[in-house]
>>> print(open('input_10.pdb').read())   # PDB, C-alpha atoms
ATOM      1  CA  MET A   1      -1.063 -15.860  14.208
ATOM      2  CA  LYS A   2       0.451 -13.210  11.979
ATOM      3  CA  THR A   3       0.363  -9.685  13.355
ATOM      4  CA  LYS A   4      -1.427  -7.384  10.934
ATOM      5  CA  VAL A   5      -0.469  -3.785  10.207
ATOM      6  CA  LYS A   6      -2.650  -0.722   9.682
ATOM      7  CA  ILE A   7      -0.918   2.237   8.106
ATOM      8  CA  CYS A   8      -2.859   5.351   9.011
ATOM      9  CA  GLY A   9      -2.823   9.015   8.054
ATOM     10  CA  LEU A  10      -2.182   8.427   4.358
ATOM     11  CA  THR A  11      -2.297  11.615   2.305
ATOM     12  CA  ARG A  12      -0.488  10.863  -0.972
ATOM     13  CA  ALA A  13      -1.115   8.450  -3.845
ATOM     14  CA  GLN A  14       2.494   7.224  -3.845
ATOM     15  CA  ASP A  15       2.228   6.388  -0.153
ATOM     16  CA  VAL A  16      -0.942   4.367  -0.727
ATOM     17  CA  GLU A  17       0.873   2.486  -3.484
ATOM     18  CA  ALA A  18       3.857   1.871  -1.183
ATOM     19  CA  ALA A  19       1.626   0.597   1.614
ATOM     20  CA  ILE A  20      -0.126  -1.807  -0.759
ATOM     21  CA  ARG A  21       3.181  -2.974  -2.227
ATOM     22  CA  CYS A  22       4.719  -3.552   1.197
ATOM     23  CA  GLY A  23       1.804  -5.703   2.332
ATOM     24  CA  ALA A  24      -0.169  -3.487   4.732
ATOM     25  CA  ASP A  25      -3.383  -5.091   5.977
ATOM     26  CA  TYR A  26      -5.429  -1.909   6.515
ATOM     27  CA  LEU A  27      -5.139   1.624   5.135
ATOM     28  CA  GLY A  28      -6.331   4.587   7.193
ATOM     29  CA  PHE A  29      -7.460   7.973   5.860
ATOM     30  CA  ILE A  30      -8.319  10.838   8.230
ATOM     31  CA  VAL A  31     -11.508  12.412   6.905
ATOM     32  CA  GLU A  32     -12.711  15.897   7.844
ATOM     33  CA  ALA A  33     -11.063  15.815  11.285
ATOM     34  CA  LYS A  34      -8.503  18.108  12.904
ATOM     35  CA  SER A  35      -5.121  16.693  11.914
ATOM     36  CA  ALA A  36      -2.021  17.540   9.924
ATOM     37  CA  ARG A  37      -3.123  14.543   7.836
ATOM     38  CA  ARG A  38      -6.684  15.765   7.261
ATOM     39  CA  LEU A  39      -8.378  14.960   3.960
ATOM     40  CA  SER A  40     -11.662  16.092   2.481
ATOM     41  CA  THR A  41     -14.154  13.344   1.734
ATOM     42  CA  ALA A  42     -13.414  13.699  -1.979
ATOM     43  CA  GLN A  43      -9.645  13.474  -1.420
ATOM     44  CA  ALA A  44     -10.035  10.391   0.747
ATOM     45  CA  ALA A  45     -12.258   8.747  -1.850
ATOM     46  CA  GLN A  46      -9.721   9.354  -4.601
ATOM     47  CA  LEU A  47      -6.745   8.172  -2.552
ATOM     48  CA  ALA A  48      -8.503   5.056  -1.302
ATOM     49  CA  MET A  49      -9.720   3.963  -4.726
ATOM     50  CA  PRO A  50      -6.644   1.882  -5.749
ATOM     51  CA  ALA A  51      -7.033  -0.287  -2.630
ATOM     52  CA  LYS A  52     -10.727  -1.039  -3.141
ATOM     53  CA  GLY A  53     -11.309  -4.764  -3.025
ATOM     54  CA  ILE A  54      -7.625  -5.364  -2.193
ATOM     55  CA  ILE A  55      -7.027  -3.994   1.304
ATOM     56  CA  PRO A  56      -9.648  -2.799   3.806
ATOM     57  CA  ARG A  57      -9.882   0.995   3.740
ATOM     58  CA  VAL A  58     -10.614   2.851   6.964
ATOM     59  CA  ALA A  59     -12.220   6.293   7.175
ATOM     60  CA  VAL A  60     -10.938   7.814  10.410
ATOM     61  CA  THR A  61     -13.472  10.236  11.892
ATOM     62  CA  VAL A  62     -13.847  12.270  15.077
ATOM     63  CA  ASN A  63     -17.387  12.735  16.398
ATOM     64  CA  ALA A  64     -18.763  12.644  12.858
ATOM     65  CA  ASP A  65     -22.458  13.423  12.436
ATOM     66  CA  ASP A  66     -24.791  11.479  10.149
ATOM     67  CA  ALA A  67     -24.469  14.028   7.345
ATOM     68  CA  LEU A  68     -20.696  13.586   7.178
ATOM     69  CA  LEU A  69     -20.928   9.813   7.499
ATOM     70  CA  THR A  70     -23.462   9.738   4.667
ATOM     71  CA  ARG A  71     -21.025  11.623   2.423
ATOM     72  CA  ILE A  72     -18.160   9.337   3.423
ATOM     73  CA  MET A  73     -20.157   6.189   2.776
ATOM     74  CA  THR A  74     -21.474   7.499  -0.543
ATOM     75  CA  GLU A  75     -18.238   8.934  -1.941
ATOM     76  CA  MET A  76     -15.538   6.779  -0.361
ATOM     77  CA  THR A  77     -17.416   3.525   0.414
ATOM     78  CA  PRO A  78     -14.908   2.554   3.136
ATOM     79  CA  ASP A  79     -14.718  -0.913   4.640
ATOM     80  CA  TYR A  80     -14.501   0.527   8.166
ATOM     81  CA  ILE A  81     -15.471   3.719   9.961
ATOM     82  CA  GLN A  82     -12.992   4.471  12.751
ATOM     83  CA  CYS A  83     -14.541   6.445  15.591
ATOM     84  CA  HIS A  84     -11.666   8.387  17.127
ATOM     85  CA  GLY A  85     -13.632  10.874  19.194
ATOM     86  CA  ASP A  86     -16.010  10.725  22.161
ATOM     87  CA  GLU A  87     -18.460   8.324  20.532
ATOM     88  CA  THR A  88     -20.383   6.255  23.079
ATOM     89  CA  PRO A  89     -21.136   2.548  22.627
ATOM     90  CA  THR A  90     -24.677   3.589  21.723
ATOM     91  CA  ARG A  91     -23.415   5.932  19.009
ATOM     92  CA  VAL A  92     -21.128   3.281  17.552
ATOM     93  CA  ALA A  93     -24.031   0.837  17.475
ATOM     94  CA  GLU A  94     -26.149   3.465  15.679
ATOM     95  CA  ILE A  95     -23.454   3.893  13.027
ATOM     96  CA  VAL A  96     -23.266   0.136  12.473
ATOM     97  CA  LYS A  97     -27.045  -0.163  12.145
ATOM     98  CA  ARG A  98     -27.614   2.925  10.013
ATOM     99  CA  PHE A  99     -24.691   2.647   7.622
ATOM    100  CA  LYS A 100     -24.173  -1.134   7.529
ATOM    101  CA  VAL A 101     -20.423  -0.705   7.967
ATOM    102  CA  LYS A 102     -17.745  -2.272  10.128
ATOM    103  CA  THR A 103     -16.392  -0.060  12.894
ATOM    104  CA  ILE A 104     -13.229   0.536  14.874
ATOM    105  CA  LYS A 105     -13.384   2.411  18.176
ATOM    106  CA  ALA A 106     -10.215   4.186  19.233
ATOM    107  CA  LEU A 107      -9.748   4.606  22.970
ATOM    108  CA  ALA A 108      -7.088   6.644  24.765
ATOM    109  CA  VAL A 109      -5.106   4.749  27.377
ATOM    110  CA  ALA A 110      -2.936   6.199  30.128
ATOM    111  CA  ALA A 111      -3.860   4.128  33.190
ATOM    112  CA  PRO A 112      -5.354   0.689  33.970
ATOM    113  CA  ASN A 113      -8.769   2.249  34.654
ATOM    114  CA  ASP A 114      -9.000   3.266  31.003
ATOM    115  CA  MET A 115      -9.326  -0.407  30.091
ATOM    116  CA  ILE A 116     -12.633  -0.590  31.964
ATOM    117  CA  THR A 117     -14.126   1.929  29.535
ATOM    118  CA  ALA A 118     -12.872  -0.149  26.637
ATOM    119  CA  GLU A 119     -14.866  -3.168  27.766
ATOM    120  CA  HIS A 120     -18.125  -1.324  27.042
ATOM    121  CA  TYR A 121     -17.326  -1.402  23.307
ATOM    122  CA  SER A 122     -16.720  -5.150  23.176
ATOM    123  CA  GLY A 123     -19.292  -6.682  20.856
ATOM    124  CA  VAL A 124     -20.303  -3.237  19.525
ATOM    125  CA  ALA A 125     -17.294  -2.208  17.427
ATOM    126  CA  ASP A 126     -15.603  -4.795  15.222
ATOM    127  CA  PHE A 127     -12.419  -4.037  17.053
ATOM    128  CA  VAL A 128     -11.009  -1.608  19.589
ATOM    129  CA  LEU A 129      -7.842   0.412  19.002
ATOM    130  CA  TYR A 130      -5.865   1.263  22.120
ATOM    131  CA  ASP A 131      -3.979   4.531  21.595
ATOM    132  CA  ALA A 132      -1.968   6.867  23.793
ATOM    133  CA  LYS A 133      -3.759   9.872  25.274
ATOM    134  CA  PRO A 134      -2.949  13.066  23.344
ATOM    135  CA  PRO A 135      -1.127  15.970  25.032
ATOM    136  CA  LYS A 136      -3.392  18.201  27.118
ATOM    137  CA  ASN A 137      -2.728  21.280  24.988
ATOM    138  CA  THR A 138      -4.162  19.871  21.755
ATOM    139  CA  ASN A 139      -7.542  18.849  20.340
ATOM    140  CA  VAL A 140      -5.927  16.632  17.689
ATOM    141  CA  ARG A 141      -6.738  13.080  18.730
ATOM    142  CA  GLY A 142      -3.899  11.046  17.215
ATOM    143  CA  GLY A 143      -0.646  11.020  15.298
ATOM    144  CA  HIS A 144       1.481  12.501  18.090
ATOM    145  CA  GLY A 145       4.055   9.724  18.167
ATOM    146  CA  LEU A 146       3.409   9.091  21.870
ATOM    147  CA  SER A 147       3.188   5.651  23.429
ATOM    148  CA  PHE A 148       1.705   4.400  26.691
ATOM    149  CA  ASP A 149       2.755   1.724  29.163
ATOM    150  CA  TRP A 150       2.106  -1.551  27.326
ATOM    151  CA  ASN A 151       2.094  -3.386  30.658
ATOM    152  CA  ILE A 152      -1.446  -2.051  31.071
ATOM    153  CA  LEU A 153      -2.503  -4.308  28.197
ATOM    154  CA  THR A 154      -0.753  -7.409  29.478
ATOM    155  CA  SER A 155      -2.733  -7.380  32.726
ATOM    156  CA  ALA A 156      -6.181  -6.479  31.327
ATOM    157  CA  PRO A 157      -8.929  -8.551  29.668
ATOM    158  CA  LEU A 158      -8.772  -7.963  25.936
ATOM    159  CA  PRO A 159     -11.177  -8.704  23.080
ATOM    160  CA  LYS A 160     -10.183 -11.304  20.493
ATOM    161  CA  VAL A 161      -9.444  -8.651  17.862
ATOM    162  CA  TRP A 162      -7.851  -5.353  18.853
ATOM    163  CA  ALA A 163      -5.147  -2.960  17.723
ATOM    164  CA  LEU A 164      -2.264  -1.153  19.385
ATOM    165  CA  ALA A 165      -1.353   2.393  18.354
ATOM    166  CA  GLY A 166       0.780   5.197  19.703
ATOM    167  CA  GLY A 167       4.487   5.787  19.225
ATOM    168  CA  LEU A 168       5.101   2.690  17.119
ATOM    169  CA  THR A 169       8.199   2.748  14.883
ATOM    170  CA  PRO A 170      10.285   0.250  12.921
ATOM    171  CA  ASP A 171      12.598   0.125  15.960
ATOM    172  CA  ASN A 172       9.973  -0.951  18.503
ATOM    173  CA  ALA A 173       7.399  -2.782  16.350
ATOM    174  CA  LYS A 174       8.905  -6.212  17.007
ATOM    175  CA  GLN A 175       9.013  -5.553  20.762
ATOM    176  CA  ALA A 176       5.438  -4.229  20.757
ATOM    177  CA  ALA A 177       4.110  -7.317  18.991
ATOM    178  CA  ALA A 178       6.050  -9.704  21.236
ATOM    179  CA  MET A 179       5.188  -7.966  24.493
ATOM    180  CA  THR A 180       1.485  -7.352  23.896
ATOM    181  CA  ASN A 181       0.535 -10.074  21.385
ATOM    182  CA  ALA A 182      -1.431  -7.374  19.575
ATOM    183  CA  PRO A 183      -3.313  -8.821  16.599
ATOM    184  CA  ILE A 184      -2.929  -5.471  14.804
ATOM    185  CA  LEU A 185      -0.326  -2.703  15.007
ATOM    186  CA  ASP A 186      -1.458   0.740  13.862
ATOM    187  CA  VAL A 187       1.292   3.116  12.728
ATOM    188  CA  SER A 188       1.206   6.662  11.387
ATOM    189  CA  SER A 189       3.953   9.110  12.395
ATOM    190  CA  GLY A 190       6.428   6.268  12.939
ATOM    191  CA  VAL A 191       6.715   5.675   9.189
ATOM    192  CA  GLU A 192       6.874   9.334   8.158
ATOM    193  CA  SER A 193       9.572  11.798   7.157
ATOM    194  CA  ALA A 194       7.159  14.665   7.971
ATOM    195  CA  ALA A 195       3.514  14.886   9.057
ATOM    196  CA  GLY A 196       1.454  13.154   6.395
ATOM    197  CA  ILE A 197       4.500  12.287   4.283
ATOM    198  CA  LYS A 198       5.196   8.573   4.479
ATOM    199  CA  ASP A 199       8.700   7.178   3.965
ATOM    200  CA  VAL A 200       8.688   3.983   1.906
ATOM    201  CA  LEU A 201      11.896   2.751   3.540
ATOM    202  CA  LYS A 202      10.338   3.163   6.972
ATOM    203  CA  ILE A 203       7.189   1.353   5.820
ATOM    204  CA  GLN A 204       9.337  -1.505   4.541
ATOM    205  CA  ALA A 205      11.354  -1.601   7.771
ATOM    206  CA  PHE A 206       8.182  -1.612   9.886
ATOM    207  CA  MET A 207       6.636  -4.456   7.898
ATOM    208  CA  GLU A 208       9.865  -6.466   8.085
ATOM    209  CA  ALA A 209      10.120  -5.935  11.841
ATOM    210  CA  VAL A 210       6.588  -7.251  12.323
ATOM    211  CA  GLU A 211       7.046 -10.192   9.945
ATOM    212  CA  ASN A 212      10.299 -11.215  11.647
ATOM    213  CA  GLY A 213       8.893 -10.796  15.149
TER
END
>>> encode(input="input_10.pdb", output="structure tokens")
Amino acid sequence: MKTKVKICGLTRAQDVEAAIRCGADYLGFIVEAKSARRLSTAQAAQLAMPAKGIIPRVAVTVNADDALLTRIMTEMTPDYIQCHGDETPTRVAEIVKRFKVKTIKALAVAAPNDMITAEHYSGVADFVLYDAKPPKNTNVRGGHGLSFDWNILTSAPLPKVWALAGGLTPDNAKQAAAMTNAPILDVSSGVESAAGIKDVLKIQAFMEAVENG
């Protein structure tokens, strides 16, 4: 089965166009959360518009309350809400029920025990995203270019649909897909020239590495 690619942290119209042109399967926009790639709800809505009905658009949130989610759903109408904070399985289920939207739950992985937590979201979120734990001196949840030991994934029970994130680049994408059999690879900083500034050549190289894996 073909490995899909989610390009996250998009901040510019030309980068959205490049991601669509290069064949990305999901587009991620960080909405109202602490990040160098942070967008307002209005900015995210405008940037995501060209992909509507073409590629699933993901609103990446961190511990978003109902007021923010209402604005996101009204203005941006994303295909997925990504919960990248401390959202419990109960909270994710509430979001699904209240907003009638697909969800992604991002979970930080550093040790095998972290996979036990992930199991609680199986059947609640549409898919789980396994990401590296952020450095201790930051409250920014993702986009640090850090990876974790992929061997943790190879020896753990995994849901049918899941994504791998953290430190992925055009140089290691093929290895990541082959080693983990990840259905989806999620890349942000690995296809950038600077935080929030995507590099079309790196996007192309990443997509080619995955397709040729």
>>> resolve_selection(input="input_10.pdb", expression="the PyMOL selection byres ((chain A and resi 155-163) around 9)", output="PyMOL selection string")
chain A and resi 4-6+104+106+112+115-116+118-119+122-123+126-131+151-154+164-165+182-186
>>> resolve_selection(input="input_10.pdb", expression="the PyMOL selection byres ((chain A and resi 81-92) around 9)", output="number ranges by chain")
A: 28, 57-64, 69, 73, 78-80, 93-97, 101-107, 120-122, 124-125, 141-142
>>> atom_distance(input="input_10.pdb", atom1="CA of Lys202 (chain A)", atom2="CA of Ala108 (chain A)")
25.1 Å
>>> closest_residue(input="input_10.pdb", among="A:Ala173, A:Ile30, A:Ala42, A:Ala36", to="Val187 (chain A)", atoms="all atoms listed in the file")
A:Ala173
>>> resolve_selection(input="input_10.pdb", expression="the PyMOL selection byres ((chain A and resi 198) around 10)", output="ChimeraX atom specification")
/A:7-12,14-16,18-19,188-197,199-203
>>> closest_residue(input="input_10.pdb", among="A:Ala205, A:Ala13, A:Ala176, A:Ala110", to="Lys133 (chain A)", atoms="all atoms listed in the file")
A:Ala110
>>> closest_residue(input="input_10.pdb", among="A:Glu208, A:Glu17, A:Asp171, A:Asp114", to="Pro50 (chain A)", atoms="only C-alpha atoms")
A:Glu17
>>> closest_residue(input="input_10.pdb", among="A:Lys100, A:Arg21, A:Lys174, A:Lys52", to="Glu211 (chain A)", atoms="all atoms listed in the file")
A:Lys174
>>> closest_residue(input="input_10.pdb", among="A:Ile20, A:Ala178, A:Leu168, A:Ile72", to="Ala44 (chain A)", atoms="only C-alpha atoms")
A:Ile72
>>> atom_distance(input="input_10.pdb", atom1="CA of Pro56 (chain A)", atom2="CA of Phe29 (chain A)")
11.2 Å
>>> atom_distance(input="input_10.pdb", atom1="CA of Met1 (chain A)", atom2="CA of Ile54 (chain A)")
20.5 Å
>>> residues_around(input="input_10.pdb", residues="Ser147 (chain A)", least_positions_apart="2", cutoff="6 Å", atoms="all atoms listed in the file", output="ChimeraX atom specification")
/A:132,166-167
>>> closest_residue(input="input_10.pdb", among="A:Arg38, A:Leu47, A:Val210, A:Phe148", to="Gln175 (chain A)", atoms="all atoms listed in the file")
A:Val210
>>> residues_around(input="input_10.pdb", residues="Thr70 (chain A)", least_positions_apart="4", cutoff="8 Å", atoms="only C-alpha atoms", output="PyMOL selection string")
chain A and resi 66+74+99
